[in-house]
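Worksheet for the structure shown next.
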Amino acid sequence: MKKKYSIFNILKNTISNHEKWQKMWRSPEPKKSYDIIIVGGGGHGLGTAYYLAKEHGFKNIAVIEKGWLGCGNTGRNTTIIRSNYLWDESALLYDHSLKLWENLSEDLNYNVMFSQRGVLNLAHNEHDIKEIKRRMCANRLNGLDSRWIDTGEIKKLVPIMNTDNLRYPVLGASYQPRGGVARHDAVAWGFAMRADEMGVDIIQNCEVKGVRTKNGQVEGVETSQGFIESKKIGIVASGHTSILAATAGVRLPLQSRPLQALVSEPIKPVINTVVMSNAVHAYVSQSDKGELVIGAGTDGYNSFTQRGGYDVIEETIRAIVELYPIFGKMKMLRQWGGIVDICPDASPIISKCDVKGLYFNCGWGTGGFKATPGSANVFAYTIANDNPHKINAAFSLDRFETGRLVDEHGAAAVAH
Ligand code: FAD
Ligand code: PYC
């Protein structure tokens, strides 16, 4: 049992020069066989293992990660959390997640730094106003805390914003006060620590090369450390899921594209909410260290480079400088990309498939960080029961055959 984080524990470790902290998780050798294997050590994969152990009593579980925990999109995203999606199915899923976020630090006894500083989605033209108001009304019918605010109120919330002397004038915004940001890698670490504590083997630097099947049932995974047996395999590999699915003969309707972000040098607090502008594909918040966290749209073509095209970021920065002239002279420190997996309806897939024992959690595109605890929670249920939870039933693979798509292009916004 790991020691709990407490003020006394922190004081004790301060006195011993922080040299005696326990390891947060073990680094076991892979066993020959597991009851469940989760492929992908991002937030969704680690969270799935955590809920499988905590809520469904499974203990013989492995999470297999080709790099290090959180090295994928979990550690690369701009951490915006909100639940203001259009359709009832999505509102239920994303708000299930938001409710779990609200108690996640306590649940994990690990500070994921969830900060409910509110999220604004700006409207720049008549079409934006209509789309955003429609979504906001749908949100309110679903009991979400979304409301329309006018330019005057936006100015009060974000005084540094230029609202009327620019290419895309700011005509209003939807505002969700319960939305916000969290510390991305802490989410992976918190889930990993508590999953490990319940016996989950977390195996890093181990690449899954393929899924072995026999007579329509999974047998295990071929990895860079040899074959590992399991009758249940959950694939949560974000931009690489479709490649792994193909090894089991499953075709997923996903496109993998780079999405990029960048951070500035740290400055004093200037913006204490999150502002997204879907029309210009630019969004910004300020980290606790003081850096501006800025995100852009996706490249217009499939690629696996974790970098992204320069033209995309250039266009984003142009919009950011118009919206916030005060940022014009700032220096940017780092830029990076992540490979996002986008479904035709901009909604995720949380589903079993025709191969018995094979489950997918993917297609989160540009917006899965906010869903991390909720997605992991219902995916664990789906794997444990071999049936979807009522919250993710609408996100099954068969929707691409029945046509019951959940079109969230408006709410997913930034990139699709
Ligand atoms: P990941 O964290 O990518 O985890 C998948 C893991 O699988 C990786 O660690 C990878 O190494 C591993 N893996 C892949 N292939 C294999 C293999 N063959 N064998 C073993 N392991 C493998 N979402 C939001 O909600 N809000 C945002 O503000 C936001 N901003 C974003 C900004 C950027 C720049 C990017 C790139 C994404 C953003 N997203 C955002 C999307 C969000 O990051 C993702 O949807 C989410 O983090 C996905 O989590 P995951 O655990 O499924 O994937
Ligand atoms: O889904 O809210 C989101 C988002 C913001 C930036 C990237 N994705």
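In the structure tokens, each chain is lettered A, B, ... as it comes, each chain's residues begin at 1, and ligands are numbered from 1 in order of appearance.
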Enumerate as a ChimeraX atom specification the residues within 6 Å of ligand 1, counting only C-alpha atoms and all ligand atoms.
/A:39-45,64-67,69-74,76-81,207-209,236-238,240,259-261,337-340,364-370
Selection to disk with N, CA and C atoms, as a compact mmCIF listing (two decimals), in the first residue's frame:
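See part24.txt below for the written result:
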# COMPACT_ATOMS: atom_id res chain seq x y z
N VAL A 39 -4.06 -1.95 -24.27
CA VAL A 39 -2.94 -1.46 -25.09
C VAL A 39 -3.01 0.07 -25.12
N GLY A 40 -1.99 0.72 -24.57
CA GLY A 40 -1.95 2.19 -24.55
C GLY A 40 -1.94 2.73 -23.14
N GLY A 41 -0.82 3.32 -22.76
CA GLY A 41 -0.70 3.90 -21.42
C GLY A 41 -0.91 5.40 -21.41
N GLY A 42 -1.98 5.84 -22.07
CA GLY A 42 -2.42 7.23 -21.94
C GLY A 42 -3.47 7.28 -20.83
N GLY A 43 -4.08 8.45 -20.66
CA GLY A 43 -5.08 8.61 -19.60
C GLY A 43 -6.23 7.63 -19.73
N HIS A 44 -6.73 7.44 -20.98
CA HIS A 44 -7.89 6.56 -21.16
C HIS A 44 -7.54 5.11 -20.83
N GLY A 45 -6.36 4.66 -21.27
CA GLY A 45 -5.96 3.27 -21.02
C GLY A 45 -5.72 3.02 -19.55
N ILE A 64 -0.13 -2.10 -21.51
CA ILE A 64 1.12 -2.19 -22.30
C ILE A 64 1.30 -0.90 -23.09
N GLU A 65 2.42 -0.26 -22.88
CA GLU A 65 2.69 1.06 -23.48
C GLU A 65 4.01 1.00 -24.25
N LYS A 66 3.97 1.47 -25.48
CA LYS A 66 5.22 1.35 -26.29
C LYS A 66 6.28 2.36 -25.87
N GLY A 67 5.88 3.48 -25.29
CA GLY A 67 6.86 4.47 -24.84
C GLY A 67 6.80 4.59 -23.32
N LEU A 69 4.51 6.47 -19.92
CA LEU A 69 3.12 6.83 -19.62
C LEU A 69 2.85 8.29 -19.99
N GLY A 70 1.78 8.48 -20.73
CA GLY A 70 1.39 9.85 -21.10
C GLY A 70 2.20 10.43 -22.24
N CYS A 71 2.99 9.60 -22.96
CA CYS A 71 3.83 10.16 -24.03
C CYS A 71 3.03 10.47 -25.30
N GLY A 72 1.80 10.00 -25.35
CA GLY A 72 0.94 10.27 -26.52
C GLY A 72 0.19 11.58 -26.32
N ASN A 73 -1.06 11.57 -26.74
CA ASN A 73 -1.84 12.82 -26.70
C ASN A 73 -2.16 13.28 -25.28
N THR A 74 -2.15 12.34 -24.34
CA THR A 74 -2.42 12.74 -22.96
C THR A 74 -1.42 13.81 -22.51
N ARG A 76 0.27 15.73 -24.51
CA ARG A 76 0.52 16.69 -25.58
C ARG A 76 -0.64 17.66 -25.77
N ASN A 77 -1.68 17.52 -24.97
CA ASN A 77 -2.88 18.30 -25.28
C ASN A 77 -2.95 19.60 -24.49
N THR A 78 -3.93 20.42 -24.85
CA THR A 78 -4.06 21.75 -24.21
C THR A 78 -5.03 21.72 -23.02
N THR A 79 -5.49 20.55 -22.66
CA THR A 79 -6.19 20.23 -21.40
C THR A 79 -7.55 20.92 -21.18
N ILE A 80 -8.19 21.32 -22.27
CA ILE A 80 -9.48 21.99 -22.09
C ILE A 80 -10.56 20.94 -21.75
N ILE A 81 -11.32 21.25 -20.71
CA ILE A 81 -12.37 20.33 -20.24
C ILE A 81 -13.70 21.07 -20.26
N GLU A 207 6.21 -2.46 -27.22
CA GLU A 207 5.29 -2.14 -28.32
C GLU A 207 4.43 -3.34 -28.70
N VAL A 208 3.14 -3.13 -28.81
CA VAL A 208 2.26 -4.18 -29.33
C VAL A 208 2.35 -4.12 -30.85
N LYS A 209 2.75 -5.26 -31.43
CA LYS A 209 2.95 -5.30 -32.89
C LYS A 209 1.68 -5.79 -33.59
N VAL A 236 -6.54 1.14 -26.81
CA VAL A 236 -6.76 2.57 -26.51
C VAL A 236 -5.49 3.30 -26.94
N ALA A 237 -5.18 3.19 -28.22
CA ALA A 237 -3.87 3.67 -28.71
C ALA A 237 -3.98 4.96 -29.51
N SER A 238 -5.09 5.67 -29.32
CA SER A 238 -5.29 6.97 -29.95
C SER A 238 -4.97 6.92 -31.45
N HIS A 240 -2.96 5.58 -33.26
CA HIS A 240 -2.44 4.34 -33.85
C HIS A 240 -3.43 3.18 -33.75
N LEU A 259 -2.27 17.23 -34.79
CA LEU A 259 -2.88 18.45 -34.20
C LEU A 259 -1.79 19.07 -33.36
N GLN A 260 -1.63 20.37 -33.45
CA GLN A 260 -0.48 20.95 -32.75
C GLN A 260 -0.84 22.03 -31.74
N ALA A 261 0.13 22.28 -30.87
CA ALA A 261 -0.03 23.28 -29.81
C ALA A 261 1.32 23.92 -29.55
N GLY A 337 3.30 18.39 -31.81
CA GLY A 337 2.05 17.87 -32.37
C GLY A 337 1.72 16.52 -31.76
N GLY A 338 0.49 16.11 -31.92
CA GLY A 338 0.06 14.77 -31.51
C GLY A 338 -0.82 14.21 -32.61
N ILE A 339 -0.86 12.87 -32.72
CA ILE A 339 -1.67 12.27 -33.79
C ILE A 339 -3.06 11.96 -33.26
N VAL A 340 -4.04 12.67 -33.79
CA VAL A 340 -5.41 12.46 -33.33
C VAL A 340 -6.16 11.57 -34.33
N TRP A 364 -11.35 9.80 -30.54
CA TRP A 364 -11.61 11.01 -29.73
C TRP A 364 -11.16 12.27 -30.46
N GLY A 365 -10.45 12.09 -31.54
CA GLY A 365 -10.06 13.23 -32.35
C GLY A 365 -9.34 14.27 -31.53
N THR A 366 -9.78 15.51 -31.67
CA THR A 366 -9.10 16.62 -31.00
C THR A 366 -9.63 16.85 -29.59
N GLY A 367 -10.56 16.00 -29.12
CA GLY A 367 -11.27 16.39 -27.89
C GLY A 367 -11.40 15.34 -26.81
N GLY A 368 -10.46 14.38 -26.72
CA GLY A 368 -10.67 13.29 -25.76
C GLY A 368 -10.12 13.51 -24.37
N PHE A 369 -9.30 14.54 -24.18
CA PHE A 369 -8.74 14.70 -22.83
C PHE A 369 -9.86 14.92 -21.82
N LYS A 370 -10.79 15.80 -22.18
CA LYS A 370 -11.90 16.12 -21.27
C LYS A 370 -12.70 14.88 -20.88
Let's see if you can do this: from backbone DSSP, list all helix (DSSP H, G or I) residues in segment 190-273 of chain A, as a list in words.
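Of segment 190-273 of chain A, the ones in helix (DSSP H, G or I) are Gly190, Phe191, Ala192, Met193, Arg194, Ala195, Asp196, Glu197, Ser238, Gly239, His240, Thr241, Ser242, Ile243, Leu244, Ala245, Ala246 and Thr247 of chain A.
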Could you check how far atom CA of Asn121 of chain A sits from atom CA of Trp148 of chain A, in Å to one decimal?
9.6 Å
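For the choices A:Ser347, A:Gln306, A:Asn392, A:Gln225, the atom-to-atom distance to ligand 2 is smallest for A:Ser347 when using only C-alpha atoms and all ligand atoms.
Restricting the calculation to only C-alpha atoms and all ligand atoms, the smallest distance between ligand 2 and any of A:Pro253, A:Gly179, A:Gly172, A:Pro159 is found for A:Gly179.
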Measuring between only C-alpha atoms, which one of A:Met161, A:Ala248, A:Val321, A:Val275 shows the shortest distance to Ala173 of chain A?
A:Val275
Ile10 of chain A: which residues within 12 Å, counting only C-alpha atoms, same-chain residues fewer than 6 positions away excluded, as a PyMOL selection string?
chain A and resi 3-4+16-22
Residues from the last selection, N, CA, C and O atoms, saved as a JSON list (two decimals), in the first residue's frame:
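The result, stored in result05.json:
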[["chain", "number", "residue", "atom", "x", "y", "z"],
["A", 3, "LYS", "N", 1.98, 5.09, 0.53],
["A", 3, "LYS", "CA", 1.61, 6.09, 1.52],
["A", 3, "LYS", "C", 0.75, 7.15, 0.83],
["A", 3, "LYS", "O", 0.95, 7.47, -0.32],
["A", 4, "LYS", "N", -0.20, 7.67, 1.61],
["A", 4, "LYS", "CA", -1.07, 8.70, 1.05],
["A", 4, "LYS", "C", -0.33, 10.03, 1.01],
["A", 4, "LYS", "O", 0.56, 10.27, 1.83],
["A", 16, "SER", "N", 13.95, 15.03, 4.48],
["A", 16, "SER", "CA", 14.94, 14.06, 3.98],
["A", 16, "SER", "C", 15.32, 14.36, 2.52],
["A", 16, "SER", "O", 15.69, 13.47, 1.76],
["A", 17, "ASN", "N", 15.19, 15.63, 2.15],
["A", 17, "ASN", "CA", 15.67, 16.10, 0.83],
["A", 17, "ASN", "C", 14.98, 15.43, -0.37],
["A", 17, "ASN", "O", 15.56, 15.29, -1.45],
["A", 18, "HIS", "N", 13.76, 15.00, -0.18],
["A", 18, "HIS", "CA", 12.95, 14.36, -1.23],
["A", 18, "HIS", "C", 13.64, 13.14, -1.85],
["A", 18, "HIS", "O", 13.45, 12.83, -3.01],
["A", 19, "GLU", "N", 14.47, 12.45, -1.03],
["A", 19, "GLU", "CA", 15.18, 11.29, -1.58],
["A", 19, "GLU", "C", 14.49, 9.97, -1.20],
["A", 19, "GLU", "O", 14.92, 8.91, -1.63],
["A", 20, "LYS", "N", 13.44, 10.06, -0.39],
["A", 20, "LYS", "CA", 12.85, 8.82, 0.12],
["A", 20, "LYS", "C", 11.41, 8.59, -0.34],
["A", 20, "LYS", "O", 10.68, 7.80, 0.26],
["A", 21, "TRP", "N", 10.97, 9.34, -1.36],
["A", 21, "TRP", "CA", 9.61, 9.10, -1.87],
["A", 21, "TRP", "C", 9.53, 7.68, -2.42],
["A", 21, "TRP", "O", 10.48, 7.19, -3.04],
["A", 22, "GLN", "N", 8.38, 7.05, -2.21],
["A", 22, "GLN", "CA", 8.18, 5.71, -2.78],
["A", 22, "GLN", "C", 8.07, 5.80, -4.30],
["A", 22, "GLN", "O", 7.61, 6.82, -4.82]]
If you measure from atom CA of His56 of chain A to atom CA of Ala384 of chain A, what distance in Å do you get, rounded to one decimal?
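Atom-to-atom, atom CA of His56 of chain A and atom CA of Ala384 of chain A are spaced 6.7 Å apart.
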Could you pull out the residues in segment 26-267 of chain A that DSSP calls strand (DSSP E) from the backbone, as an MDAnalysis selection string?
chainID A and resid 36:39 61:64 80:81 119:123 147:149 172:176 180:181 201:203 208:214 217:223 226:229 233:235 255:264
Which residue out of A:Leu157, A:Leu254, A:Cys137, A:Ile7 has the minimum interatomic distance to Val119 of chain A when only C-alpha atoms are used?
A:Leu157
Can you tell me, as a PyMOL selection string, what residues are no more than 12 Å from Gly180 of chain A when counting only C-alpha atoms, ignoring any on the same chain fewer than 3 positions away?
chain A and resi 78-84+98+101-102+113-120+175-177+183+272-276+284-287+369-370
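Pairwise distance (atom CA of Leu171 of chain A, atom CA of Glu408 of chain A) equals 22.4 Å.
For the set A:Asn60, A:Ser242, A:Asn278, A:Gln217, the residue with the smallest atom-to-atom gap to ligand 2 is A:Asn278, counting only C-alpha atoms and all ligand atoms.
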From the options A:Ala245, A:Ala53, A:Leu405, A:Ile37, which residue's atoms come nearest to Glu89 of chain A, counting only C-alpha atoms?
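Using only C-alpha atoms, the shortest distance to Glu89 of chain A belongs to A:Leu405.
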